[in-house]
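Chemist: My file is structure26.tsv. It has TSV, C-alpha atoms:
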```tsv
chain	number	residue	atom	x	y	z
Z	1193	MET	CA	65.00	-4.19	101.10
Z	1194	SER	CA	66.11	-4.55	104.72
Z	1195	ALA	CA	69.31	-5.78	106.26
Z	1196	LEU	CA	67.24	-7.67	108.82
Z	1197	PRO	CA	66.52	-11.36	108.34
Z	1198	PRO	CA	62.89	-12.33	107.57
Z	1199	ASP	CA	62.41	-13.90	111.01
Z	1200	GLU	CA	63.19	-10.58	112.72
Z	1201	ILE	CA	60.86	-8.70	110.38
Z	1202	ARG	CA	58.09	-11.19	111.23
Z	1203	VAL	CA	58.65	-10.65	114.96
Z	1204	MET	CA	58.53	-6.89	114.48
Z	1205	ARG	CA	55.27	-7.22	112.53
Z	1206	GLU	CA	53.78	-9.22	115.37
Z	1207	LEU	CA	54.87	-6.54	117.86
Z	1208	ALA	CA	53.34	-3.85	115.67
Z	1209	ASP	CA	50.08	-5.71	115.09
Z	1210	ASP	CA	48.59	-4.18	118.22
Z	1211	GLY	CA	47.64	-1.38	115.85
Z	1212	ALA	CA	48.06	1.38	118.41
Z	1213	VAL	CA	51.06	2.96	116.75
Z	1214	LEU	CA	50.64	2.06	113.10
Z	1215	GLY	CA	47.01	3.07	112.80
Z	1216	THR	CA	45.69	-0.34	111.87
Z	1217	ALA	CA	46.19	-3.85	113.18
Z	1218	ALA	CA	47.38	-5.31	109.89
Z	1219	PRO	CA	48.05	-4.13	106.37
Z	1220	ASP	CA	44.85	-4.18	104.39
Z	1221	CYS	CA	45.69	-2.03	101.34
Z	1222	ASP	CA	43.11	0.56	102.43
Z	1223	ASP	CA	44.30	3.93	101.11
Z	1224	ASP	CA	43.30	5.84	104.26
Z	1225	ALA	CA	45.00	3.33	106.56
Z	1226	LEU	CA	48.17	3.44	104.47
Z	1227	ALA	CA	48.16	7.26	104.49
Z	1228	TYR	CA	47.69	7.28	108.27
Z	1229	ARG	CA	50.52	4.78	108.82
Z	1230	TRP	CA	52.75	6.74	106.44
Z	1231	ARG	CA	52.15	9.98	108.38
Z	1232	THR	CA	52.70	8.19	111.69
Z	1233	ILE	CA	55.97	6.74	110.41
Z	1234	HIS	CA	57.12	10.20	109.38
Z	1235	ALA	CA	56.31	11.58	112.83
Z	1236	ARG	CA	58.25	8.76	114.48
Z	1237	ALA	CA	61.19	9.34	112.10
Z	1238	THR	CA	61.22	13.01	113.09
Z	1239	ARG	CA	61.65	11.95	116.71
Z	1240	ILE	CA	64.42	9.53	115.75
Z	1241	ALA	CA	66.17	12.29	113.81
Z	1242	ALA	CA	66.09	14.51	116.90
Z	1243	LEU	CA	67.60	11.71	119.03
Z	1244	ALA	CA	70.30	11.30	116.36
Z	1245	ALA	CA	71.05	15.05	116.49
Z	1246	LEU	CA	69.71	15.52	112.94
Z	1247	SER	CA	67.16	18.01	111.74
Z	1248	GLY	CA	63.90	16.38	110.76
Z	1249	GLU	CA	62.49	16.50	107.27
Z	1250	PRO	CA	59.23	18.30	106.55
Z	1251	TYR	CA	56.22	16.26	105.53
Z	1252	ALA	CA	56.24	17.72	102.03
Z	1253	GLY	CA	57.13	16.93	98.44
Z	1254	ALA	CA	57.41	13.28	97.42
Z	1255	ILE	CA	56.99	12.19	101.04
Z	1256	ALA	CA	53.60	13.88	101.38
Z	1257	ARG	CA	52.51	12.85	97.88
Z	1258	PHE	CA	53.32	9.16	98.39
Z	1259	PRO	CA	49.88	7.97	99.63
Z	1260	ASP	CA	48.10	9.57	96.68
Z	1261	ALA	CA	50.75	8.46	94.20
Z	1262	ILE	CA	50.69	4.83	95.32
Z	1263	ALA	CA	46.88	4.85	95.22
Z	1264	GLU	CA	47.22	5.41	91.47
Z	1265	ALA	CA	49.58	2.44	91.03
Z	1266	ASP	CA	48.53	-1.01	89.91
Z	1267	PRO	CA	47.10	-3.31	92.63
Z	1268	ARG	CA	50.26	-5.42	92.91
Z	1269	ARG	CA	52.46	-2.39	93.56
Z	1270	ARG	CA	49.92	-1.01	96.05
Z	1271	GLU	CA	49.98	-4.29	97.93
Z	1272	LEU	CA	53.80	-4.40	97.96
Z	1273	ALA	CA	53.96	-0.78	99.10
Z	1274	ASP	CA	51.41	-1.44	101.83
Z	1275	ARG	CA	53.46	-4.37	103.13
Z	1276	ALA	CA	56.67	-2.31	102.94
Z	1277	VAL	CA	55.07	0.56	104.87
Z	1278	HIS	CA	53.87	-1.92	107.47
Z	1279	ASP	CA	57.37	-3.42	107.75
Z	1280	LEU	CA	58.93	0.04	108.10
Z	1281	GLY	CA	56.44	0.90	110.82
Z	1282	ALA	CA	57.29	-2.31	112.65
Z	1283	LEU	CA	61.00	-1.56	112.39
Z	1284	LEU	CA	60.53	1.93	113.79
Z	1285	LEU	CA	58.24	0.71	116.56
Z	1286	SER	CA	60.74	-1.82	117.85
Z	1287	GLY	CA	63.62	0.63	117.31
Z	1288	MET	CA	61.84	3.34	119.28
Z	1289	LYS	CA	61.18	0.92	122.12
Z	1290	ALA	CA	64.92	0.21	122.26
Z	1291	LEU	CA	65.79	3.92	122.12
Z	1292	ASP	CA	63.25	4.67	124.83
Z	1293	ALA	CA	64.84	1.99	127.02
Z	1294	LEU	CA	68.26	3.60	126.54
Z	1295	ALA	CA	66.89	7.05	127.31
Z	1296	ALA	CA	65.15	5.72	130.45
Z	1297	ARG	CA	68.54	4.50	131.68
Z	1298	GLU	CA	69.97	7.93	130.82
Z	1299	GLN	CA	72.33	6.42	128.26
Z	1300	ASP	CA	73.40	8.21	125.11
Z	1301	CYS	CA	71.17	7.07	122.28
Z	1302	CYS	CA	72.61	9.27	119.51
Z	1303	ALA	CA	74.59	6.51	117.73
Z	1304	PRO	CA	71.79	3.90	117.79
Z	1305	ALA	CA	69.28	6.56	116.73
Z	1306	LEU	CA	71.53	7.47	113.81
Z	1307	SER	CA	71.72	3.82	112.77
Z	1308	LEU	CA	67.94	3.53	112.96
Z	1309	TRP	CA	67.55	6.78	111.00
Z	1310	ARG	CA	69.82	5.45	108.24
Z	1311	GLU	CA	67.82	2.23	108.00
Z	1312	TYR	CA	64.60	4.24	107.92
Z	1313	TYR	CA	65.94	6.57	105.23
Z	1314	GLN	CA	67.03	3.71	102.93
Z	1315	LEU	CA	63.74	1.86	103.34
Z	1316	ARG	CA	61.72	5.04	102.86
Z	1317	GLU	CA	63.54	5.84	99.63
Z	1318	ALA	CA	62.85	2.33	98.34
Z	1319	ILE	CA	59.18	2.69	99.24
Z	1320	LEU	CA	58.96	6.08	97.53
Z	1321	ARG	CA	60.36	4.53	94.34
Z	1322	MET	CA	57.38	2.14	94.31
Z	1323	ALA	CA	55.11	5.09	93.59
Z	1324	GLU	CA	57.11	6.30	90.60
Z	1325	PRO	CA	55.47	5.75	87.21
Z	1326	VAL	CA	56.58	2.61	85.41
Z	1327	PRO	CA	58.13	3.34	81.99
Z	1328	ALA	CA	56.08	1.98	79.11
```
Could you write out this file's structure as C-alpha cells?
Modeler:
Amino acid sequence: MSALPPDEIRVMRELADDGAVLGTAAPDCDDDALAYRWRTIHARATRIAALAALSGEPYAGAIARFPDAIAEADPRRRELADRAVHDLGALLLSGMKALDALAAREQDCCAPALSLWREYYQLREAILRMAEPVPA
C-alpha cells in the first residue's frame, strides 16, 4: 500500500504511539477511536494541502462515511482498515514534523508538501476501498 519500506513504517508507528495526535496510543479496532483518528488525519491532510498550494477537501461524502461503513465490515477488514488508518496517521505525523522543520527554517515546503499529499491521497483511496461492499 505504501512506497515506504516496512522498517520505516514501524518507526513512524513508534513515533505516533504517543497518542497525542492520533487520538489513541495504538490501534485497537474501537470504532470511536478509529473515527477520531480518521477525522484527525483529514484535518492534518487539509493543512498539508494548504502547504502544497492545493485546496483542501471537505469532510463529506465517502470520506465522512468511512468510519460508519467500515464498522459494518467483517472483523478482518475492520482490523486491516484500523491498521491502515494508524499507518496513514503515522506517515502524516512524521511528514508534518518534517514540513514544520522546513517552515521553521523559512524554506519553501510546497514541493515536499505536494509529495506528502500525493502519498496521503493514494493511501486514503486504498483505505476507502476497504469499506466498499464485497461482491457476493
Chemist: List every protein, DNA or RNA residue that has at least one atom no more than 10 Å from (65.5, 8.5, 115.9) in the file's coordinates, counting only C-alpha atoms, and write the result as a list in words.
Modeler: Arg1236, Ala1237, Thr1238, Arg1239, Ile1240, Ala1241, Ala1242, Leu1243, Ala1244, Ala1245, Leu1246, Gly1248, Leu1284, Gly1287, Met1288, Leu1291, Asp1292, Cys1301, Cys1302, Ala1303, Pro1304, Ala1305, Leu1306, Ser1307, Leu1308, Trp1309, Arg1310 and Tyr1312 of chain Z
Chemist: Mind checking which residues fall within 10 Å of Ala1323 of chain Z, counting all atoms listed in the file, ignoring those fewer than 4 positions away in the same chain, and posting them as a list in words?
Modeler: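 Counting all atoms listed in the file, the residues come to Ala1254, Arg1257, Phe1258, Pro1259, Asp1260, Ala1261, Ile1262, Ala1263, Glu1264, Ala1265, Asp1266, Arg1269, Arg1270, Ala1273, Ala1318 and Ile1319 of chain Z.
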Chemist: Taking into account all atoms listed in the file, which residue in the set Z:Ala1225, Z:Ile1255, Z:Leu1320, Z:Ile1233 is nearest to Ala1282 of chain Z?
Modeler: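 Answer, going by the shortest atom-to-atom distance: Z:Ile1233.
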Chemist: Find the distance between atom CA of Leu1280 of chain Z and atom CA of Val1326 of chain Z and write it in Å to one decimal.
Modeler: 23.0 Å
Chemist: Between atom CA of Pro1327 of chain Z and atom CA of Arg1231 of chain Z, what is the spacing in Å?
Modeler: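 Atom CA of Pro1327 of chain Z lies 27.9 Å from atom CA of Arg1231 of chain Z.
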Chemist: Work out how far apart atom CA of Glu1249 of chain Z and atom CA of Leu1285 of chain Z are and give it in Å to one decimal.
Modeler: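 Interatomic distance, atom CA of Glu1249 of chain Z to atom CA of Leu1285 of chain Z: 18.8 Å.
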Chemist: Counting all atoms listed in the file, which of Z:His1234, Z:Ala1227, Z:Arg1316, Z:Arg1321 gets nearest to Asp1279 of chain Z?
Modeler: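 Among the listed residues, the smallest separation from Asp1279 of chain Z belongs to Z:Arg1316.
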